[in-house]
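Shown below: my_file-v9.txt, with compact mmCIF, C-alpha atoms.
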```txt
# COMPACT_ATOMS: atom_id res chain seq x y z
CA MET T 1 104.21 104.23 97.58
CA ARG T 2 101.91 105.98 95.13
CA LYS T 3 98.42 104.59 94.69
CA ARG T 4 96.47 104.70 91.42
CA SER T 5 94.57 107.71 92.72
CA GLY T 6 97.86 109.59 92.98
CA VAL T 7 97.83 109.62 96.78
CA SER T 8 101.14 108.69 98.45
CA GLU T 9 101.30 106.46 101.51
CA PRO T 10 104.03 104.54 103.32
CA PHE T 11 104.88 101.03 102.16
CA SER T 12 102.80 98.47 104.07
CA ARG T 13 103.94 94.89 104.55
CA ALA T 14 100.42 94.14 105.82
CA LYS T 15 98.95 95.17 102.45
CA VAL T 16 101.46 93.03 100.60
CA ILE T 17 100.54 90.06 102.80
CA SER T 18 96.82 90.72 102.31
CA GLY T 19 97.15 90.77 98.53
CA VAL T 20 99.38 87.71 98.34
CA ARG T 21 97.23 85.78 100.82
CA LYS T 22 94.39 85.86 98.25
CA ALA T 23 96.64 84.25 95.63
CA CYS T 24 97.77 81.68 98.22
CA GLN T 25 94.25 80.70 99.27
CA GLY T 26 94.09 76.93 99.56
CA ARG T 27 97.86 76.61 99.08
CA PRO T 28 100.33 75.20 101.66
CA VAL T 29 101.78 78.64 102.49
CA SER T 30 102.18 79.67 106.16
CA ASP T 31 101.74 83.10 107.72
CA ASP T 32 105.48 83.09 108.49
CA GLU T 33 106.29 82.50 104.83
CA LEU T 34 104.00 85.39 103.84
CA ALA T 35 105.73 87.66 106.37
CA ILE T 36 109.15 86.72 104.99
CA LEU T 37 107.93 87.37 101.44
CA ALA T 38 106.64 90.83 102.43
CA GLN T 39 109.97 91.60 104.12
CA ARG T 40 111.87 90.51 101.01
CA VAL T 41 109.67 92.69 98.78
CA GLU T 42 110.20 95.71 101.03
CA GLU T 43 113.98 95.15 101.11
CA ASP T 44 114.11 94.75 97.31
CA ILE T 45 112.15 97.98 96.78
CA ARG T 46 114.24 99.94 99.28
CA SER T 47 117.51 98.65 97.84
CA SER T 48 116.44 99.71 94.33
CA GLY T 49 117.00 103.34 95.36
CA VAL T 50 113.69 104.49 93.91
CA ALA T 51 112.24 107.31 96.03
CA GLU T 52 108.63 106.33 95.31
CA ILE T 53 107.07 103.32 93.60
CA ASP T 54 103.53 102.98 92.34
CA ALA T 55 101.16 100.22 93.45
CA HIS T 56 101.65 98.35 90.17
CA GLY T 57 105.41 98.40 90.73
CA VAL T 58 104.90 96.84 94.16
CA GLY T 59 102.81 94.11 92.53
CA LEU T 60 105.58 93.44 90.03
CA ALA T 61 108.14 93.34 92.87
CA ILE T 62 106.09 90.58 94.50
CA LEU T 63 106.30 88.26 91.49
CA GLN T 64 109.78 86.73 91.93
CA PRO T 65 109.54 86.11 95.68
CA LEU T 66 106.09 84.58 95.15
CA GLN T 67 107.40 82.41 92.30
CA ASP T 68 110.07 81.15 94.68
CA LEU T 69 107.42 80.40 97.31
CA ASP T 70 104.56 78.74 95.40
CA LEU T 71 104.11 78.42 91.63
CA VAL T 72 100.32 78.12 91.65
CA ALA T 73 99.99 81.26 93.79
CA TYR T 74 102.52 82.94 91.51
CA LEU T 75 100.42 82.16 88.42
CA ARG T 76 97.28 83.46 90.12
CA PHE T 77 99.01 86.70 91.13
CA ALA T 78 100.85 87.09 87.80
CA SER T 79 97.61 86.72 85.88
CA VAL T 80 96.47 90.00 87.42
CA TYR T 81 99.72 91.99 87.45
CA GLN T 82 100.86 90.88 84.01
CA GLY T 83 97.36 91.22 82.56
CA PHE T 84 96.75 87.67 81.36
CA GLU T 85 93.87 87.78 78.88
CA SER T 86 93.72 84.25 77.52
CA LEU T 87 94.59 80.63 78.13
CA GLU T 88 97.61 81.17 75.90
CA ASP T 89 98.94 83.69 78.43
CA PHE T 90 98.76 81.03 81.15
CA GLU T 91 100.27 78.41 78.84
CA SER T 92 103.17 80.74 77.99
CA ALA T 93 103.82 81.46 81.67
CA ILE T 94 103.72 77.76 82.53
CA ALA T 95 106.06 76.93 79.63
CA ARG T 96 108.50 79.62 80.84
CA LEU T 97 108.42 78.20 84.37
CA ARG T 98 109.13 74.72 83.03
CA GLU T 99 112.03 76.03 80.93
CA GLU T 100 113.46 77.71 84.03
CA GLY T 101 113.33 74.34 85.77
CA ALA T 102 110.77 75.42 88.34
CA GLY T 103 109.83 72.37 90.32
CA GLY T 104 109.21 73.64 93.82
CA PRO T 105 105.98 73.73 95.81
CA GLY T 106 102.92 74.07 93.64
CA SER T 107 104.78 73.18 90.47
CA ALA T 108 102.87 72.03 87.46
CA ALA T 109 105.18 69.02 87.11
CA PRO T 110 107.24 67.15 89.67
CA ALA T 111 110.92 67.91 89.84
CA PRO T 112 113.04 65.32 88.06
CA SER T 113 114.55 62.64 90.28
CA PRO T 114 118.33 62.51 90.56
CA VAL T 115 119.80 59.54 88.72
```
With the file now loaded, output its structure as structure tokens.
Amino acid sequence: MRKRSGVSEPFSRAKVISGVRKACQGRPVSDDELAILAQRVEEDIRSSGVAEIDAHGVGLAILQPLQDLDLVAYLRFASVYQGFESLEDFESAIARLREEGAGGPGSAAPAPSPV
């Protein structure tokens, strides 16, 4: 992994967990779920075949697994890594999640009931 300063260091699941834990603060996300997310991110990065990824790329790789885990934490994290600058950015992200049918933990709207 290449940091912003240009220094390379090994991928660290602990750093992924630390960063995601901040987005999950106050959310019903367990330490085990964070560990699984970090493992999934590492596996996704390694399977991509890229020899080295920058820190921003790691942040982007976290987005989908975090979206699958908790939508509120996802929006918090995405607001940093996708550079949200306005309420419209949040509204667009929420609208996209609704269009995708996201209705899991932390969803902005309850999942529809089966009829």
Original post:
Excluding same-chain residues fewer than 5 positions from Asp44 in chain T, what lies within 10 Å of it counting only C-alpha atoms, as a PyMOL selection string?
Top reply: chain T and resi 38-39+49+58+61-62+65
Original post:
Hey, what's within 10 Å of Leu66 in chain T if we count all atoms listed in the file and toss same-chain stuff fewer than 6 positions away? As a VMD selection string, please?
Top reply: chain T and resid 20 23 to 24 33 to 34 37 to 38 41 72 to 75 77 to 78
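Going from CA of Ile17 in chain T over to CA of Asp31 in chain T, you cover 8.6 Å.
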**OP:** Compare T:Val7, T:Val80, T:Ile45, T:Leu71 by their minimum atom-to-atom distance to Ile94 in chain T, counting all atoms listed in the file, and give me the closest one.
**Re:** T:Leu71
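The two atoms in question, CA of Leu87 in chain T and CA of Ser18 in chain T, are spaced 26.3 Å apart.
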**OP:** Please indicate the distance in Å from CA of Arg76 in chain T to CA of Val50 in chain T, rounded to one decimal place.
**Re:** 26.9 Å
